[in-house]
Amino acid sequence: MAIEVRDVNKSFGTTPVLRDVSIDVKSGSLTALLGPSGGGKSTLLRVIAGLEQPDTGTVRISGVDATRLSPQRRNVGFVFQHYAAFKHLTVFRNVAFGLEIRKRPKDEIRKRVMELLELVHLEQMADRYPSQLSGGQRQRMALARALAVEPEVLLLDEPFGALDAQVRKELRTWLRRLHDEVHVTTVFVTHDQEEAIEVADTIVVLADGEVKQVGSPAEVYDNPADPFVMRFLGPVTEIGGNLVRPHDIEISAGPVEGGTAATVSRVVRLGFEVRVELTVEGRDAWVQVTRGFAEQLALTPGDVVNVRPAPGARSLTLAAV
Amino acid sequence: MTTDVAVAAAPPPGSPGGGARPRSRWSVTGGTALGVGSAVLYLSLIVLIPLAVVAWRSLDQGPGYFWRAVTTPDAWAALTLTVGASFLVALINLVMGTIIAWVLVRDRFPGKAVVDTLIDLPFALPTIVAGLVLLALYGPESPLGLNLAYSRAGVVLALLFVTLPFVVRTVQPVLLELDKEMEQAAASLGASPFQTFRRIILPNLVPAMLSGTALAFTRSIAEFGSTVLISGNLPFKTQVAAVNIFSQIEGDNTTGAAAISTVLLVVALVALVSLDLLQRWGSRRG
Ligand SMILES: Nc1ncnc2c1ncn2[C@@H]1O[C@H](COP(=O)(O)OP(=O)(O)O)[C@@H](O)[C@H]1O
Ligand SMILES: [Mg+2]
């Protein structure tokens, strides 16, 4: 295991922020720490990096107990959401920083920094200052800076959170590819479930300072541990006291076994997909169908149809309210 | 773990245009032209013209007279004392002001808010009152048993007092705004607290430290009120330039007064310009 966190508790004042958190991060994996804002993701990442001390519990990095080690001695690469660029240093000197601290020979530093700048495609920017870079470029510089010291693990706190949607989407694909080539154990924080599913091989869902579920993106999406995780990982709707994914519901014109009568209240076309809003047993629900299917049934508001979970659909029974 | 960087990952997105964006130095348009115009006019009326008049006056009776006025033994003594003491004062306040700013921003202690307010006292007090306070504390009847009256040490003390706020108040906001995550990034890259201070914090403070020092120095060379009482104005010993100028005017030697003023003006200008150059040079080097 690259990282083993055991029973970590952390409070700020009287507010508990992490509660008995235990996670294992496999060597070479790309793990997403996913959860709503304020759930304790950054705090956990900072505890791993040594930027925050846990009240109780232990952190092991590459098998070594690091709980009491200063950040300086953990050999962890940390990438901050707002880059934390060294404003007074050029891109080159930013990336070289860790190597200069380690007193490596000048020519070795030069070679390594140029390799890294090539890796993050900033070789043309070596002599610029951070203020002369775009957000995406700064973040890549921060990544190169963290990688320069060959960290045991790379920790990224919402690395793309401050970037606009387009750049963000592109950078996540790029991060995935970079990881496939560099193989450094990576943990990144995100509150965006799509980002976690797309990029990570393991997802840790953290909310209210507790680990709610750990698994591959498919496991977490398909077999959510509780209604919270199910809601957080993707769209849900409620039919007959069950929480179901809207694309896991069948609509039929006539009565079917296990079906429930529903009244169509609205049909919204969103390109290829159609969102059918219904009233089932007096409650609002919605179903996601393809355009072809909607046209075939000629669904219009006021129609009475039958709905039931598709065979093999995952659903969670909600406690009666 | 392996961090094999020989392989280049796919082209990263989000890199707008390769070349440096050309930035025009003077793109004066409507609103800014008005702004620049009024700033220049204001500066001319308040600063440039009066200064030019003083410099012009000092040459009323020719450069020979100027030189003689400046190098009379008492004027020269006052000038060297002023410049030397100001230099020392600027240096001490550079160090102490930075330390005080640091403590006020980074440390917690009871009474911090009071201390923070007290820093401004030298600015708030009429300087002659400051002189009175210093004389009471460090004069012949010093309750501390430390008599600095009529000595050069007294002059330095008075100047230290009135110029303390400059460095503190220029460094403090920069320190407050300093991105803490920069320091954390440095630590996780292996830097010790001292290395982080030396390589990350200090370079970011230097511009503010230098401009505070420049202000302290230029204020010192012009200081009158706070030094006048404690120094006793002994010519050749404790008389500062501003007081010397005053006595020249009293003796109806306005040209001589203007000459000494012009020297102070030039010294101040040289100090400001060289600190500015130092700053630019530093920021280029990083
Ligand atoms: N240094 C701190 N001092 C006090 N409270 C903090 C501090 N850091 C975080 N918190 C609180 O801890 C909780 C979790 O924060 P954080 O770990 O940043 O969550 P996330 O990264 O998941 O959004 C929040 O309620 C936040 O206000
Ligand atoms: Mg966070």
# chains A, B, ... in the order shown; residues from 1 in each chain; ligands from 1
>>> interface_residues(of="chain A", to="chain B", cutoff="6 Å", atoms="only C-alpha atoms", output="VMD selection string")
chain A and resid 71 to 72 84 88 to 89 98 119 136 167 170 178 182
>>> select_by_dssp(residues="region 28-80 of chain A", states="helix (DSSP H, G or I)", output="PyMOL selection string")
chain A and resi 41-49+71-73
>>> residues_near_ligand(ligand="ligand 2", cutoff="7 Å", atoms="only C-alpha atoms and all ligand atoms", output="PyMOL selection string")
chain A and resi 37-38+41-42+157-158
>>> write_last_selection(atoms="all heavy atoms", output="PDB file, in the first residue's frame")
ATOM      1  N   SER A  37     -18.831  19.578  -0.871  1.00  0.00           N
ATOM      2  CA  SER A  37     -17.986  20.616  -0.292  1.00  0.00           C
ATOM      3  C   SER A  37     -18.166  20.662   1.222  1.00  0.00           C
ATOM      4  O   SER A  37     -19.283  20.533   1.718  1.00  0.00           O
ATOM      5  CB  SER A  37     -18.395  21.939  -0.942  1.00  0.00           C
ATOM      6  OG  SER A  37     -17.571  22.935  -0.475  1.00  0.00           O
ATOM      7  N   GLY A  38     -17.075  20.799   1.941  1.00  0.00           N
ATOM      8  CA  GLY A  38     -17.148  20.843   3.398  1.00  0.00           C
ATOM      9  C   GLY A  38     -17.139  19.470   4.034  1.00  0.00           C
ATOM     10  O   GLY A  38     -17.243  19.340   5.248  1.00  0.00           O
ATOM     11  N   LYS A  41     -12.599  16.574   2.628  1.00  0.00           N
ATOM     12  CA  LYS A  41     -11.664  16.026   1.641  1.00  0.00           C
ATOM     13  C   LYS A  41     -10.296  16.700   1.721  1.00  0.00           C
ATOM     14  O   LYS A  41      -9.265  16.029   1.810  1.00  0.00           O
ATOM     15  CB  LYS A  41     -12.219  16.206   0.212  1.00  0.00           C
ATOM     16  CG  LYS A  41     -13.599  15.637   0.016  1.00  0.00           C
ATOM     17  CD  LYS A  41     -14.080  15.812  -1.414  1.00  0.00           C
ATOM     18  CE  LYS A  41     -14.234  17.268  -1.844  1.00  0.00           C
ATOM     19  NZ  LYS A  41     -15.312  17.986  -1.127  1.00  0.00           N
ATOM     20  N   SER A  42     -10.305  18.035   1.689  1.00  0.00           N
ATOM     21  CA  SER A  42      -9.025  18.754   1.745  1.00  0.00           C
ATOM     22  C   SER A  42      -8.303  18.447   3.038  1.00  0.00           C
ATOM     23  O   SER A  42      -7.087  18.251   3.057  1.00  0.00           O
ATOM     24  CB  SER A  42      -9.244  20.255   1.642  1.00  0.00           C
ATOM     25  OG  SER A  42      -9.842  20.559   0.422  1.00  0.00           O
ATOM     26  N   ASP A 157      -5.347  18.678  -4.725  1.00  0.00           N
ATOM     27  CA  ASP A 157      -6.581  19.175  -4.112  1.00  0.00           C
ATOM     28  C   ASP A 157      -7.383  19.962  -5.138  1.00  0.00           C
ATOM     29  O   ASP A 157      -7.018  21.076  -5.490  1.00  0.00           O
ATOM     30  CB  ASP A 157      -6.253  20.056  -2.911  1.00  0.00           C
ATOM     31  CG  ASP A 157      -7.490  20.352  -2.068  1.00  0.00           C
ATOM     32  OD1 ASP A 157      -8.588  19.912  -2.472  1.00  0.00           O
ATOM     33  OD2 ASP A 157      -7.355  21.007  -1.025  1.00  0.00           O
ATOM     34  N   GLU A 158      -8.460  19.382  -5.592  1.00  0.00           N
ATOM     35  CA  GLU A 158      -9.297  19.982  -6.639  1.00  0.00           C
ATOM     36  C   GLU A 158      -8.423  20.640  -7.706  1.00  0.00           C
ATOM     37  O   GLU A 158      -8.515  21.857  -7.911  1.00  0.00           O
ATOM     38  CB  GLU A 158     -10.252  21.018  -6.031  1.00  0.00           C
ATOM     39  CG  GLU A 158     -11.040  20.431  -4.876  1.00  0.00           C
ATOM     40  CD  GLU A 158     -12.524  20.736  -4.924  1.00  0.00           C
ATOM     41  OE1 GLU A 158     -13.001  21.225  -5.961  1.00  0.00           O
ATOM     42  OE2 GLU A 158     -13.198  20.455  -3.929  1.00  0.00           O
TER      43      GLU A 158
END
>>> closest_atom_pairs(of="chain A", to="ligand 1", cutoff="10 Å", atoms="only C-alpha atoms and all ligand atoms", output="Markdown table")
| residue | atom | partner | partner_atom_place_in_ligand_line | distance |
| --- | --- | --- | --- | --- |
| A:Lys10 | CA | ligand 1 | 12 (O) | 9.0 |
| A:Ser11 | CA | ligand 1 | 12 (O) | 7.7 |
| A:Phe12 | CA | ligand 1 | 4 (C) | 4.8 |
| A:Gly13 | CA | ligand 1 | 4 (C) | 7.0 |
| A:Thr14 | CA | ligand 1 | 5 (N) | 9.6 |
| A:Thr15 | CA | ligand 1 | 12 (O) | 7.6 |
| A:Pro16 | CA | ligand 1 | 12 (O) | 7.7 |
| A:Val17 | CA | ligand 1 | 12 (O) | 5.1 |
| A:Leu18 | CA | ligand 1 | 14 (C) | 7.9 |
| A:Leu33 | CA | ligand 1 | 22 (O) | 8.8 |
| A:Leu34 | CA | ligand 1 | 22 (O) | 8.1 |
| A:Gly35 | CA | ligand 1 | 22 (O) | 6.3 |
| A:Pro36 | CA | ligand 1 | 22 (O) | 6.1 |
| A:Ser37 | CA | ligand 1 | 23 (O) | 3.6 |
| A:Gly38 | CA | ligand 1 | 23 (O) | 3.5 |
| A:Gly39 | CA | ligand 1 | 22 (O) | 3.8 |
| A:Gly40 | CA | ligand 1 | 17 (O) | 3.2 |
| A:Lys41 | CA | ligand 1 | 22 (O) | 3.7 |
| A:Ser42 | CA | ligand 1 | 21 (O) | 3.6 |
| A:Thr43 | CA | ligand 1 | 17 (O) | 3.7 |
| A:Leu44 | CA | ligand 1 | 17 (O) | 6.5 |
| A:Leu45 | CA | ligand 1 | 17 (O) | 8.0 |
| A:Arg46 | CA | ligand 1 | 17 (O) | 8.3 |
| A:Val47 | CA | ligand 1 | 17 (O) | 9.7 |
| A:Glu52 | CA | ligand 1 | 1 (N) | 8.5 |
| A:Asp157 | CA | ligand 1 | 21 (O) | 7.8 |
| A:Glu158 | CA | ligand 1 | 21 (O) | 8.3 |
| A:Val189 | CA | ligand 1 | 21 (O) | 7.5 |
| A:Thr190 | CA | ligand 1 | 21 (O) | 8.3 |
| A:His191 | CA | ligand 1 | 22 (O) | 7.6 |
| A:Leu206 | CA | ligand 1 | 22 (O) | 7.6 |
| A:Ala207 | CA | ligand 1 | 22 (O) | 7.4 |
| A:Asp208 | CA | ligand 1 | 14 (C) | 8.0 |
| A:Gly209 | CA | ligand 1 | 14 (C) | 7.4 |
>>> select_by_dssp(residues="region 202-281 of chain A", states="strand (DSSP E or B)", output="number ranges by chain")
A: 202-207, 210-215, 237-239, 242-244, 249-252, 260-270, 273-280
>>> closest_residue(among="B:Phe246, B:Gln239, B:Arg108, B:Leu275", to="Ala77 (chain B)", atoms="only C-alpha atoms")
B:Gln239
>>> residues_around(residues="Leu163 (chain A)", least_positions_apart="3", cutoff="10 Å", atoms="only C-alpha atoms", output="mmCIF file with N, CA, C and O atoms, in the first residue's frame")
data_model
loop_
_atom_site.group_PDB
_atom_site.id
_atom_site.type_symbol
_atom_site.label_atom_id
_atom_site.label_comp_id
_atom_site.auth_asym_id
_atom_site.auth_seq_id
_atom_site.Cartn_x
_atom_site.Cartn_y
_atom_site.Cartn_z
ATOM 1 N N GLN A 81 -5.223 23.745 -5.026
ATOM 2 C CA GLN A 81 -6.283 24.184 -5.936
ATOM 3 C C GLN A 81 -5.936 25.505 -6.613
ATOM 4 O O GLN A 81 -6.184 25.691 -7.790
ATOM 5 N N HIS A 82 -5.326 26.416 -5.822
ATOM 6 C CA HIS A 82 -4.992 27.717 -6.414
ATOM 7 C C HIS A 82 -3.513 27.802 -6.746
ATOM 8 O O HIS A 82 -2.898 28.856 -6.634
ATOM 9 N N SER A 134 -1.562 31.140 -18.111
ATOM 10 C CA SER A 134 -2.997 30.930 -17.896
ATOM 11 C C SER A 134 -3.171 29.978 -16.719
ATOM 12 O O SER A 134 -2.212 29.351 -16.263
ATOM 13 N N GLY A 135 -4.400 29.878 -16.229
ATOM 14 C CA GLY A 135 -4.680 29.006 -15.090
ATOM 15 C C GLY A 135 -4.258 27.562 -15.343
ATOM 16 O O GLY A 135 -3.616 26.933 -14.506
ATOM 17 N N GLY A 136 -4.592 27.063 -16.524
ATOM 18 C CA GLY A 136 -4.249 25.682 -16.856
ATOM 19 C C GLY A 136 -2.740 25.476 -16.886
ATOM 20 O O GLY A 136 -2.225 24.442 -16.436
ATOM 21 N N GLN A 139 -1.365 25.396 -13.375
ATOM 22 C CA GLN A 139 -1.630 24.132 -12.710
ATOM 23 C C GLN A 139 -0.677 23.055 -13.212
ATOM 24 O O GLN A 139 -0.210 22.227 -12.437
ATOM 25 N N PRO A 159 -7.614 19.838 -8.384
ATOM 26 C CA PRO A 159 -6.607 20.439 -9.268
ATOM 27 C C PRO A 159 -7.209 21.287 -10.388
ATOM 28 O O PRO A 159 -6.573 22.207 -10.861
ATOM 29 N N PHE A 160 -8.428 20.974 -10.774
ATOM 30 C CA PHE A 160 -8.995 21.718 -11.901
ATOM 31 C C PHE A 160 -10.161 22.590 -11.464
ATOM 32 O O PHE A 160 -10.864 23.163 -12.277
ATOM 33 N N GLN A 166 -14.332 24.072 -20.036
ATOM 34 C CA GLN A 166 -13.701 23.472 -21.206
ATOM 35 C C GLN A 166 -12.301 22.948 -20.877
ATOM 36 O O GLN A 166 -11.986 21.778 -21.078
ATOM 37 N N VAL A 167 -11.461 23.832 -20.324
ATOM 38 C CA VAL A 167 -10.082 23.484 -19.978
ATOM 39 C C VAL A 167 -10.073 22.342 -18.968
ATOM 40 O O VAL A 167 -9.270 21.420 -19.025
ATOM 41 N N ARG A 168 -11.008 22.398 -18.069
ATOM 42 C CA ARG A 168 -11.148 21.423 -17.019
ATOM 43 C C ARG A 168 -11.362 20.024 -17.583
ATOM 44 O O ARG A 168 -10.715 19.065 -17.195
ATOM 45 N N LYS A 169 -12.274 19.929 -18.554
ATOM 46 C CA LYS A 169 -12.588 18.641 -19.190
ATOM 47 C C LYS A 169 -11.371 18.085 -19.892
ATOM 48 O O LYS A 169 -11.072 16.900 -19.826
ATOM 49 N N LEU A 171 -8.178 18.859 -19.341
ATOM 50 C CA LEU A 171 -7.082 18.550 -18.418
ATOM 51 C C LEU A 171 -7.293 17.222 -17.700
ATOM 52 O O LEU A 171 -6.339 16.527 -17.378
ATOM 53 N N GLY B 14 -5.576 23.817 -22.961
ATOM 54 C CA GLY B 14 -5.584 25.025 -22.133
ATOM 55 C C GLY B 14 -4.315 25.816 -22.209
ATOM 56 O O GLY B 14 -3.922 26.475 -21.276
#
>>> closest_residue(among="B:Trp281, B:Phe236, B:Ala241, B:Gly225", to="Gly256 (chain B)", atoms="only C-alpha atoms")
B:Ala241
>>> closest_residue(among="A:Thr300, A:Val199, A:Asp192, A:Val214", to="Asp180 (chain A)", atoms="only C-alpha atoms")
A:Val199
>>> closest_residue(among="A:Asp20, A:Glu152, A:Glu100, A:Glu115", to="Arg60 (chain A)", atoms="only C-alpha atoms")
A:Glu152
>>> residues_around(residues="Asn223 (chain A)", least_positions_apart="4", cutoff="12 Å", atoms="only C-alpha atoms", output="mmCIF file with N, CA and C atoms, in the first residue's frame")
data_model
loop_
_atom_site.group_PDB
_atom_site.id
_atom_site.type_symbol
_atom_site.label_atom_id
_atom_site.label_comp_id
_atom_site.auth_asym_id
_atom_site.auth_seq_id
_atom_site.Cartn_x
_atom_site.Cartn_y
_atom_site.Cartn_z
ATOM 1 N N GLN A 213 -18.128 5.137 1.171
ATOM 2 C CA GLN A 213 -17.956 3.964 0.326
ATOM 3 C C GLN A 213 -16.622 4.066 -0.407
ATOM 4 N N VAL A 214 -16.043 2.890 -0.685
ATOM 5 C CA VAL A 214 -14.822 2.837 -1.480
ATOM 6 C C VAL A 214 -15.029 1.796 -2.559
ATOM 7 N N GLY A 215 -14.636 2.085 -3.772
ATOM 8 C CA GLY A 215 -14.769 1.089 -4.831
ATOM 9 C C GLY A 215 -14.377 1.660 -6.170
ATOM 10 N N SER A 216 -14.463 0.800 -7.194
ATOM 11 C CA SER A 216 -14.182 1.286 -8.546
ATOM 12 C C SER A 216 -15.334 2.192 -8.950
ATOM 13 N N PRO A 217 -15.144 3.019 -9.970
ATOM 14 C CA PRO A 217 -16.242 3.894 -10.389
ATOM 15 C C PRO A 217 -17.522 3.109 -10.678
ATOM 16 N N ALA A 218 -17.390 1.937 -11.348
ATOM 17 C CA ALA A 218 -18.578 1.145 -11.683
ATOM 18 C C ALA A 218 -19.266 0.655 -10.420
ATOM 19 N N GLU A 219 -18.472 0.158 -9.466
ATOM 20 C CA GLU A 219 -19.065 -0.350 -8.213
ATOM 21 C C GLU A 219 -19.820 0.744 -7.479
ATOM 22 N N PRO A 227 -28.447 5.664 0.101
ATOM 23 C CA PRO A 227 -29.108 6.652 -0.759
ATOM 24 C C PRO A 227 -28.248 7.891 -0.991
ATOM 25 N N PHE A 228 -27.466 8.286 0.027
ATOM 26 C CA PHE A 228 -26.625 9.469 -0.153
ATOM 27 C C PHE A 228 -25.642 9.265 -1.303
ATOM 28 N N VAL A 229 -24.931 8.129 -1.268
ATOM 29 C CA VAL A 229 -23.944 7.862 -2.320
ATOM 30 C C VAL A 229 -24.635 7.767 -3.672
ATOM 31 N N MET A 230 -25.770 7.114 -3.697
ATOM 32 C CA MET A 230 -26.495 6.970 -4.960
ATOM 33 C C MET A 230 -26.858 8.337 -5.522
ATOM 34 N N ARG A 231 -27.365 9.191 -4.683
ATOM 35 C CA ARG A 231 -27.726 10.547 -5.111
ATOM 36 C C ARG A 231 -26.496 11.323 -5.571
ATOM 37 N N LEU A 233 -23.629 10.210 -6.750
ATOM 38 C CA LEU A 233 -22.904 9.698 -7.919
ATOM 39 C C LEU A 233 -23.629 9.906 -9.241
ATOM 40 N N GLY A 234 -24.919 10.177 -9.207
ATOM 41 C CA GLY A 234 -25.604 10.353 -10.473
ATOM 42 C C GLY A 234 -27.060 10.701 -10.245
ATOM 43 N N VAL A 244 -34.190 5.029 -7.728
ATOM 44 C CA VAL A 244 -33.791 4.343 -8.966
ATOM 45 C C VAL A 244 -33.106 5.356 -9.871
ATOM 46 N N ARG A 245 -32.171 4.889 -10.703
ATOM 47 C CA ARG A 245 -31.604 5.761 -11.733
ATOM 48 C C ARG A 245 -32.666 5.992 -12.807
ATOM 49 N N GLY A 312 -32.915 -5.985 -13.655
ATOM 50 C CA GLY A 312 -31.503 -5.795 -13.302
ATOM 51 C C GLY A 312 -31.181 -4.402 -12.832
ATOM 52 N N ALA A 313 -32.190 -3.541 -12.761
ATOM 53 C CA ALA A 313 -31.937 -2.171 -12.295
ATOM 54 C C ALA A 313 -31.581 -2.182 -10.820
ATOM 55 N N ARG A 314 -30.617 -1.303 -10.450
ATOM 56 C CA ARG A 314 -30.266 -1.169 -9.030
ATOM 57 C C ARG A 314 -31.227 -0.201 -8.401
ATOM 58 N N SER A 315 -31.718 -0.544 -7.277
ATOM 59 C CA SER A 315 -32.539 0.430 -6.574
ATOM 60 C C SER A 315 -32.310 0.291 -5.083
ATOM 61 N N LEU A 316 -32.573 1.332 -4.376
ATOM 62 C CA LEU A 316 -32.427 1.317 -2.930
ATOM 63 C C LEU A 316 -33.774 1.673 -2.329
#
>>> residues_around(residues="Leu175 (chain B)", least_positions_apart="2", cutoff="8 Å", atoms="only C-alpha atoms", output="compact mmCIF listing (two decimals) with N, CA, C and O atoms, in the first residue's frame")
# COMPACT_ATOMS: atom_id res chain seq x y z
N ALA B 101 6.50 43.77 12.11
CA ALA B 101 5.40 43.42 11.20
C ALA B 101 5.15 41.92 11.26
O ALA B 101 4.00 41.46 11.31
N TRP B 102 6.22 41.16 11.27
CA TRP B 102 6.12 39.71 11.32
C TRP B 102 5.36 39.26 12.57
O TRP B 102 4.42 38.46 12.52
N VAL B 105 1.69 40.07 12.49
CA VAL B 105 0.88 39.28 11.57
C VAL B 105 0.85 37.80 11.97
O VAL B 105 -0.19 37.16 11.98
N VAL B 171 5.25 46.63 5.22
CA VAL B 171 5.47 45.18 5.18
C VAL B 171 4.22 44.41 5.64
O VAL B 171 3.87 43.38 5.08
N GLN B 172 3.55 44.98 6.65
CA GLN B 172 2.43 44.28 7.26
C GLN B 172 1.35 43.82 6.26
O GLN B 172 1.00 42.64 6.26
N PRO B 173 0.84 44.69 5.41
CA PRO B 173 -0.21 44.22 4.50
C PRO B 173 0.29 43.16 3.52
O PRO B 173 -0.45 42.25 3.16
N GLU B 177 -1.24 39.38 3.12
CA GLU B 177 -1.75 38.89 1.84
C GLU B 177 -0.96 37.71 1.31
O GLU B 177 -1.38 37.05 0.37
N LEU B 178 0.19 37.47 1.92
CA LEU B 178 1.08 36.43 1.39
C LEU B 178 0.38 35.08 1.41
O LEU B 178 -0.18 34.67 2.42
N LEU B 205 8.74 39.84 0.38
CA LEU B 205 8.63 41.02 1.25
C LEU B 205 9.58 42.13 0.84
O LEU B 205 9.35 43.30 1.18
>>> residues_around(residues="Val79 (chain A)", least_positions_apart="3", cutoff="7 Å", atoms="only C-alpha atoms", output="PyMOL selection string")
chain A and resi 83+142-143+146+155-157+159
>>> atom_distance(atom1="CA of Val307 (chain A)", atom2="CA of Leu270 (chain A)")
20.9 Å
>>> atom_distance(atom1="CA of Val168 (chain B)", atom2="CA of Leu104 (chain B)")
9.1 Å
>>> atom_distance(atom1="CA of Ala130 (chain B)", atom2="CA of Lys112 (chain B)")
22.6 Å
